[in-house]
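Worksheet: the structure to be examined is printed underneath.
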Amino acid sequence: MLYFPAPAKINRMLRVIRREENGYHYLQTVFQFTDLFDEIGFEVREDNEIRFNYEHLDFSKEEDLIYRAITALKHYSNSDKGVTIDLIKNLPMGAGIGGGSSNAATTLVALNALWELNLSQTALIEIGKKIGADVPIFIYGKSAWAEGIGEILTPLEIKEEEFTLINPGIHISTKLIFESSELPRNSMLFPDKYFDQSRAINDCLPAIYHHYPAMRLIMNALNELNLNPYITGTGSCIFVPKMDAEQSLLLSSLAKEQGWELLPFKSLNQSLLYENAPIAL
């Protein structure tokens, strides 16, 4: 069985420009990758079967984006091959770091190679965007300025930095946030595609705070420590830049008291999927 990384992403900026007639939202966001990842194992089968080496306890098979990616790829390519799948789940769910979407993207990219389909990256992105709005960036594999629902991608070099991810263990529903009346939908369109700290905006905060008031309390506590926290995407994970020794000690103490998980990471402009896996597009 061959194992491939499915790395997490962070949103450095997330702005909601408008709601389209089809119900989707036109966004402007900035994606960067991290060195945190799930691992997915693949073993090609010749019997057209899809088998799993892990149980679907927290979500059904039909909700599993790995399964949806496999079935979408089989439908698109008419492949008669099957696969046995293993998943080592390191990334928290519903946390805004794209774990499920990254799993789907890694599945599409890996099986494209292992099933010898030779589909282009453009074709894989077309398949991926029907599975989830964040799937295209993981197939793209480079930090990017993204628009539309997240599928219009422009490469963007961003400073690679050390951060700490704070996982408070709160599962946030992306669907609830984007359906919320508390979500602003009228941000000005930025014409220039660049990122600096002045653009570290997340328009989803009012909706997140309204539906998950504990998140406001957490952010207030982190701001009191002058940690410059940022909520990534529509999830509950928060990242803070590299801290001094005193800040690090205070955060560790607070995290232990509150039961938060702390994960040091580095932001990356290149996905680990393409750096470490024996595949190319």
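Chain labels run A, B, ... following the order of the structure tokens; each chain numbers its residues from 1, and ligands are numbered from 1 in the order shown.
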* Find the spatial neighbours of region 151-167 of chain A, counting only C-alpha atoms, within a cut-off of 6 Å - ignore same-chain residues fewer than 6 positions away - and output them as a list in words. =>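 Final neighbour list, sorted by chain and number: Pro136, Ser143, Ala144, Trp145, Cys237, Ile238, Phe239, Val240, Pro241, Lys242, Trp260, Glu261, Leu262, Leu263, Pro264, Phe265, Lys266, Ser267 and Leu268 of chain A.
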* To do: Please identify all polymer residues within 10 Å of region 8-11 of chain A, counting only C-alpha atoms, omitting same-chain residues fewer than 2 positions from it, and present them as a ChimeraX atom specification.
  => /A:5-6,13-14,29-38,90-92,96-103,134,137-138,143-145,165,200-202,230-234,237-239,267-268,271-272
* Near-Glu49 (chain A) list (10 Å; only C-alpha atoms; drop same-chain fewer than 6 positions) as a PyMOL selection string -> chain A and resi 80-84
* To do: Looking only at strand (DSSP E) from DSSP on the backbone, list the matching residues of region 50-230 of chain A as a PyMOL selection string.
  => chain A and resi 50-52+82-88+144-148+152-155+162-167+230
Selection file, N, CA, C and O atoms, as a compact mmCIF listing (two decimals), in the first residue's frame:
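Output below, filename out_30.txt:
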```
# COMPACT_ATOMS: atom_id res chain seq x y z
N ILE A 50 -14.39 -1.08 -4.11
CA ILE A 50 -13.87 -0.03 -3.25
C ILE A 50 -13.96 -0.54 -1.82
O ILE A 50 -15.05 -0.78 -1.30
N ARG A 51 -12.81 -0.76 -1.19
CA ARG A 51 -12.78 -1.29 0.17
C ARG A 51 -12.06 -0.31 1.10
O ARG A 51 -11.16 0.43 0.66
N PHE A 52 -12.43 -0.32 2.37
CA PHE A 52 -11.85 0.60 3.35
C PHE A 52 -11.21 -0.17 4.49
O PHE A 52 -11.80 -1.13 5.00
N GLY A 82 -10.35 -0.94 -9.09
CA GLY A 82 -10.83 -0.65 -7.75
C GLY A 82 -9.68 -0.21 -6.86
O GLY A 82 -8.55 -0.03 -7.32
N VAL A 83 -9.96 -0.06 -5.57
CA VAL A 83 -8.92 0.39 -4.65
C VAL A 83 -9.29 0.02 -3.22
O VAL A 83 -10.47 -0.02 -2.85
N THR A 84 -8.28 -0.30 -2.45
CA THR A 84 -8.41 -0.43 -1.00
C THR A 84 -7.79 0.80 -0.38
O THR A 84 -6.68 1.20 -0.74
N ILE A 85 -8.51 1.43 0.55
CA ILE A 85 -8.13 2.71 1.12
C ILE A 85 -7.84 2.57 2.61
O ILE A 85 -8.58 1.90 3.34
N ASP A 86 -6.77 3.21 3.05
CA ASP A 86 -6.49 3.35 4.48
C ASP A 86 -6.37 4.84 4.79
O ASP A 86 -5.94 5.63 3.94
N LEU A 87 -6.75 5.24 5.99
CA LEU A 87 -6.70 6.65 6.38
C LEU A 87 -6.13 6.76 7.79
O LEU A 87 -6.63 6.15 8.73
N ILE A 88 -5.04 7.52 7.90
CA ILE A 88 -4.50 7.88 9.21
C ILE A 88 -4.90 9.33 9.45
O ILE A 88 -4.35 10.24 8.83
N ALA A 144 -2.22 30.41 -3.06
CA ALA A 144 -2.93 31.12 -4.12
C ALA A 144 -3.90 32.15 -3.58
O ALA A 144 -4.40 32.05 -2.45
N TRP A 145 -4.14 33.14 -4.42
CA TRP A 145 -5.27 34.06 -4.29
C TRP A 145 -6.44 33.36 -4.99
O TRP A 145 -6.32 32.92 -6.14
N ALA A 146 -7.56 33.22 -4.31
CA ALA A 146 -8.69 32.47 -4.88
C ALA A 146 -9.94 33.34 -4.90
O ALA A 146 -10.19 34.12 -3.97
N GLU A 147 -10.73 33.17 -5.96
CA GLU A 147 -12.00 33.88 -6.08
C GLU A 147 -13.08 32.91 -6.52
O GLU A 147 -12.84 31.73 -6.73
N GLY A 148 -14.29 33.44 -6.69
CA GLY A 148 -15.44 32.59 -7.01
C GLY A 148 -15.82 31.83 -5.75
O GLY A 148 -15.87 32.39 -4.66
N ILE A 152 -11.18 29.80 -8.73
CA ILE A 152 -10.42 30.67 -9.64
C ILE A 152 -9.12 31.03 -8.92
O ILE A 152 -9.11 31.84 -8.00
N LEU A 153 -8.03 30.39 -9.33
CA LEU A 153 -6.80 30.40 -8.55
C LEU A 153 -5.67 31.14 -9.27
O LEU A 153 -5.42 30.90 -10.45
N THR A 154 -5.00 32.00 -8.53
CA THR A 154 -3.82 32.72 -9.02
C THR A 154 -2.68 32.47 -8.04
O THR A 154 -2.84 32.74 -6.84
N PRO A 155 -1.54 31.95 -8.51
CA PRO A 155 -0.45 31.66 -7.56
C PRO A 155 0.01 32.92 -6.84
O PRO A 155 0.03 34.01 -7.41
N GLU A 162 6.42 30.39 11.02
CA GLU A 162 6.08 29.44 12.07
C GLU A 162 4.86 29.96 12.84
O GLU A 162 4.79 31.13 13.19
N PHE A 163 3.90 29.06 13.07
CA PHE A 163 2.68 29.39 13.78
C PHE A 163 2.38 28.30 14.81
O PHE A 163 3.01 27.24 14.80
N THR A 164 1.40 28.58 15.64
CA THR A 164 0.81 27.55 16.49
C THR A 164 -0.68 27.49 16.18
O THR A 164 -1.36 28.53 16.18
N LEU A 165 -1.17 26.29 15.89
CA LEU A 165 -2.60 26.08 15.65
C LEU A 165 -3.26 25.72 16.97
O LEU A 165 -2.77 24.86 17.71
N ILE A 166 -4.35 26.39 17.27
CA ILE A 166 -5.11 26.14 18.50
C ILE A 166 -6.42 25.47 18.11
O ILE A 166 -7.23 26.06 17.38
N ASN A 167 -6.61 24.24 18.55
CA ASN A 167 -7.84 23.51 18.26
C ASN A 167 -8.66 23.41 19.54
O ASN A 167 -8.34 22.61 20.42
N TYR A 230 -6.06 34.47 14.66
CA TYR A 230 -6.86 34.53 13.43
C TYR A 230 -7.59 33.21 13.28
O TYR A 230 -6.98 32.14 13.34
```
* **Test item, alpha helix (DSSP H) assignment across region 27-127 of chain A, answer as a ChimeraX atom specification** => /A:65-77,99-114,121-127
* Asked: Which one of A:Ala105, A:Leu73, A:Met93, A:Ile66 sits closest to Asn118 (chain A) if you count only C-alpha atoms?
  ->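 Ranked by minimum distance to Asn118 (chain A), first place goes to A:Leu73.
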